[in-house]
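Engineer: The structure's right below; bear with me while I get my questions together.
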Amino acid sequence: MFEEFKDKVVVVTGGSRGIGKAIVLKFASLGAKVVFNYASNDEAAKKVIEEGKDYSGTIECFKLDVSNFPQVCEFFEKIFDKYGAIHILVNNAGITRDTLLARMKEEEWDAVINVNLKGVFNCCKAIISNMMRQRWGRIINIGSVIGSMGNAGQVNYAATKAGIVGFSRSLAKEVASRGITVNVVAPGFIDTDMTAKVPEKIKDQILKAIPVGRFGKADEIANAVSFLATESASYITGEVLHINGGLYMG
Ligand SMILES: NC(=O)c1ccc[n+]([C@@H]2O[C@H](COP(=O)([O-])OP(=O)(O)OC[C@H]3O[C@@H](n4cnc5c(N)ncnc54)[C@H](O)[C@@H]3O)[C@@H](O)[C@H]2O)c1
């Protein structure tokens with residue numbers, strides 16, 4: 001796959017750390033022009049660019065909130081103006097606000113829906129007409145095993161991740177004739193800042209349920225995402241690829 005993405009412009013949401021960062025660096029290492037956004041941590045974002053500076057591709061970043069539609073439209077307009085096209089969109093930005101439904105505040109529900117689900121709508125909506133005119137594109141949405149299994153304390157998060165599957169399958173049907181595929185990559189438990197928040201006792205319980213016997217690595221998600229973006233994956237659309245060490249077999 002060396003230089004596979006030499007002429008491709010890739011946008012990754014939430015690229016400053018964790019899975020998003022691994023996806024940014026993967027595409028840059030394969031020659032792509034990568035643009036990512038992030039919510040707040042300028043230092044972390046700069047470090048991603050620094051880490052990828054010797055790769056054959058390029059990396060640039062913008063701070064913006066994916067749940068803000070006008071901001072998202074402005075962001076994508078800038079990219080279209082500069083590069084003339086967006087070939088690959090990876091909707092990765094996501095947050096958690098975990099608590100049992102009985103205790104969940106309306107704001108905790110809204111925050112997760114707005115970033116994880118409305119963010120996907122916003123980014124897809126902002127690029128889809130251009131991508132259709134281009135007659136080639138790849139949209140890869142990052143779901144979660146929790147969208148299929150459910151999890152106590154995550155009704156908001158699980159609803160967004162299950163929602164992403166329905167969204168992606170519907171969009172896949174709308175745009176298949178234009179050479180665009182839309183797929184979901186659904187990670188299990190991956191070592192990132194997001195899972196660092198999970199209490200040790202719960203982590204031990206989860207680990208016991210993973211047949212492979214370990215948490216996943218962000219690179220293992222990035223590898224699958226980059227494959228789905230290749231020409232070789234052009235017959236895969238509307239699919240959910242679970243990457244979870246056997247925790248859930250869909
Ligand atoms: N880590 C896991 O085990 C795991 C498992 C399943 C699914 N996922 C999913 O993978 C994705 C990445 O997870 P992660 O663990 O790397 O998370 P993370 O918390 O380490 O990073 C999240 C990224 O999203 C960005 N972000 C957050 N809110 C944003 C907003 N409003 N606008 C723009 N960017 C925003 C952050 O700046 C950051 O770059 C998420 O969608 C998450 O739900 C993660």
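Chains: A, B, ... in order of the structure tokens. Residues: from 1 per chain. Ligands: from 1, in order shown.
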Based on DSSP run over this structure's backbone, return all residues of range 61-136 of chain A in strand (DSSP E), as an MDAnalysis selection string.
Structural biologist: chainID A and resid 61:63 88:91
Engineer: Just write the chosen residues, all heavy atoms, as a compact mmCIF listing (two decimals), in the first residue's frame.
Structural biologist:
```
# COMPACT_ATOMS: atom_id res chain seq x y z
N CYS A 61 -3.91 20.92 10.58
CA CYS A 61 -5.03 20.75 11.53
C CYS A 61 -5.77 22.05 11.80
O CYS A 61 -5.23 23.14 11.58
CB CYS A 61 -4.53 20.15 12.83
SG CYS A 61 -3.48 21.26 13.77
N PHE A 62 -7.03 21.92 12.23
CA PHE A 62 -7.89 23.04 12.60
C PHE A 62 -8.60 22.70 13.89
O PHE A 62 -9.03 21.56 14.07
CB PHE A 62 -8.97 23.27 11.52
CG PHE A 62 -8.45 23.74 10.20
CD1 PHE A 62 -8.03 22.82 9.24
CD2 PHE A 62 -8.39 25.09 9.91
CE1 PHE A 62 -7.54 23.24 8.02
CE2 PHE A 62 -7.91 25.52 8.68
CZ PHE A 62 -7.49 24.61 7.73
N LYS A 63 -8.76 23.71 14.74
CA LYS A 63 -9.56 23.51 15.95
C LYS A 63 -11.02 23.84 15.61
O LYS A 63 -11.30 24.94 15.16
CB LYS A 63 -9.07 24.44 17.06
CG LYS A 63 -9.83 24.20 18.33
CD LYS A 63 -9.34 24.83 19.60
CE LYS A 63 -8.30 25.84 19.65
NZ LYS A 63 -7.88 26.18 21.01
N ILE A 88 -11.52 11.22 1.02
CA ILE A 88 -11.77 10.27 2.11
C ILE A 88 -12.14 11.07 3.37
O ILE A 88 -11.42 12.00 3.74
CB ILE A 88 -10.50 9.42 2.38
CG1 ILE A 88 -10.14 8.61 1.12
CG2 ILE A 88 -10.70 8.51 3.59
CD1 ILE A 88 -8.69 8.13 1.06
N LEU A 89 -13.27 10.70 3.97
CA LEU A 89 -13.69 11.35 5.23
C LEU A 89 -13.78 10.28 6.31
O LEU A 89 -14.47 9.27 6.14
CB LEU A 89 -15.07 12.00 5.04
CG LEU A 89 -15.76 12.47 6.33
CD1 LEU A 89 -14.97 13.61 7.02
CD2 LEU A 89 -17.19 12.93 6.04
N VAL A 90 -13.06 10.50 7.41
CA VAL A 90 -13.15 9.58 8.54
C VAL A 90 -13.77 10.33 9.71
O VAL A 90 -13.16 11.25 10.27
CB VAL A 90 -11.76 9.04 8.95
CG1 VAL A 90 -11.91 8.00 10.07
CG2 VAL A 90 -11.03 8.44 7.75
N ASN A 91 -15.00 9.97 10.05
CA ASN A 91 -15.68 10.60 11.18
C ASN A 91 -15.32 9.82 12.44
O ASN A 91 -15.90 8.77 12.73
CB ASN A 91 -17.20 10.57 10.96
CG ASN A 91 -17.63 11.63 9.98
OD1 ASN A 91 -17.35 12.81 10.15
ND2 ASN A 91 -18.30 11.20 8.92
```
Engineer: Do you have, as a tab-separated table, the list of residues of chain A lying at most 6 Å from ligand 1, each with its nearest atom pair and that distance in Å to one decimal, counting only C-alpha atoms and all ligand atoms and ordered by chain then number?
Structural biologist:
```
residue	atom	partner	partner_atom_place_in_ligand_line	distance
A:Thr13	CA	ligand 1	34 (N)	5.8
A:Gly14	CA	ligand 1	24 (O)	3.4
A:Gly15	CA	ligand 1	39 (O)	4.5
A:Ser16	CA	ligand 1	39 (O)	3.9
A:Arg17	CA	ligand 1	39 (O)	4.8
A:Gly18	CA	ligand 1	16 (O)	3.5
A:Ile19	CA	ligand 1	16 (O)	3.8
A:Gly20	CA	ligand 1	16 (O)	5.5
A:Asn37	CA	ligand 1	33 (C)	5.9
A:Tyr38	CA	ligand 1	37 (O)	3.8
A:Ala39	CA	ligand 1	37 (O)	3.9
A:Ser40	CA	ligand 1	37 (O)	5.8
A:Leu64	CA	ligand 1	33 (C)	5.5
A:Asp65	CA	ligand 1	32 (N)	3.4
A:Val66	CA	ligand 1	32 (N)	4.0
A:Ser67	CA	ligand 1	31 (N)	5.6
A:Asn92	CA	ligand 1	41 (O)	4.6
A:Ala93	CA	ligand 1	24 (O)	3.7
A:Gly94	CA	ligand 1	41 (O)	3.6
A:Ile95	CA	ligand 1	27 (C)	5.5
A:Val115	CA	ligand 1	31 (N)	5.0
A:Ile142	CA	ligand 1	41 (O)	5.3
A:Gly143	CA	ligand 1	7 (C)	5.6
A:Ser144	CA	ligand 1	6 (C)	4.0
A:Pro187	CA	ligand 1	6 (C)	4.2
A:Gly188	CA	ligand 1	5 (C)	4.9
A:Phe189	CA	ligand 1	3 (O)	3.6
A:Ile190	CA	ligand 1	3 (O)	3.6
A:Asp191	CA	ligand 1	1 (N)	5.9
A:Thr192	CA	ligand 1	15 (O)	4.7
A:Asp193	CA	ligand 1	20 (O)	4.4
A:Met194	CA	ligand 1	19 (O)	4.3
A:Thr195	CA	ligand 1	1 (N)	5.2
```
Engineer: Write out, as a tab-separated table (two decimals), in the first residue's frame, the residues just selected, with C-alpha atoms.
Structural biologist:
```
chain	number	residue	atom	x	y	z
A	13	THR	CA	-12.25	14.36	12.73
A	14	GLY	CA	-10.82	14.22	16.25
A	15	GLY	CA	-7.27	13.58	15.09
A	16	SER	CA	-5.30	15.01	18.01
A	17	ARG	CA	-5.01	11.81	20.01
A	18	GLY	CA	-5.98	8.15	20.35
A	19	ILE	CA	-7.56	6.39	17.39
A	20	GLY	CA	-7.89	9.57	15.31
A	37	ASN	CA	-9.65	18.71	13.42
A	38	TYR	CA	-9.74	18.57	17.18
A	39	ALA	CA	-11.76	20.03	20.05
A	40	SER	CA	-9.33	21.88	22.31
A	64	LEU	CA	-13.33	23.19	15.57
A	65	ASP	CA	-16.40	21.63	17.11
A	66	VAL	CA	-17.95	19.00	14.84
A	67	SER	CA	-21.35	19.57	16.45
A	92	ASN	CA	-13.83	9.67	14.34
A	93	ALA	CA	-14.53	12.49	16.85
A	94	GLY	CA	-16.44	11.13	19.80
A	95	ILE	CA	-17.07	11.75	23.49
A	115	VAL	CA	-20.84	15.35	18.93
A	142	ILE	CA	-16.08	5.14	13.73
A	143	GLY	CA	-18.75	3.27	15.68
A	144	SER	CA	-18.25	1.08	18.73
A	187	PRO	CA	-13.67	-0.82	17.78
A	188	GLY	CA	-13.86	-2.83	20.98
A	189	PHE	CA	-11.71	-1.64	23.89
A	190	ILE	CA	-8.70	0.23	22.60
A	191	ASP	CA	-5.98	1.75	24.80
A	192	THR	CA	-6.64	5.53	24.53
A	193	ASP	CA	-7.44	8.51	26.79
A	194	MET	CA	-11.13	7.59	26.46
A	195	THR	CA	-10.66	4.12	28.00
```
Engineer: Counting only C-alpha atoms, what is within 9 Å of Gly57 in chain A, bar same-chain residues fewer than 5 positions away, as a count of residues only?
Structural biologist: 12
Engineer: Kindly give the distance, in Å, that separates CA of Leu207 in chain A and CA of Asn244 in chain A, rounded to a single decimal.
Structural biologist: 11.0 Å
Engineer: Just the helix (DSSP H, G or I) stuff from range 15-217 of chain A, please, per backbone DSSP, written as a ChimeraX atom specification.
Structural biologist: /A:18-29,42-51,69-83,101-103,106-134,146-149,155-178,193-196,200-208
Engineer: Go through A:Lys118, A:Lys125, A:Lys203, A:Lys173 one by one, measure the shortest atom-to-atom distance of each to Lys161 in chain A using only C-alpha atoms, and give the residue with the smallest value.
Structural biologist: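 Counting only C-alpha atoms, the residue closest to Lys161 in chain A is A:Lys118.
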Engineer: So, with only C-alpha atoms as the atoms that count, which of A:Ile164, A:Val112, A:Ile49, A:Val9 lies closest to Lys82 in chain A?
Structural biologist: A:Val9
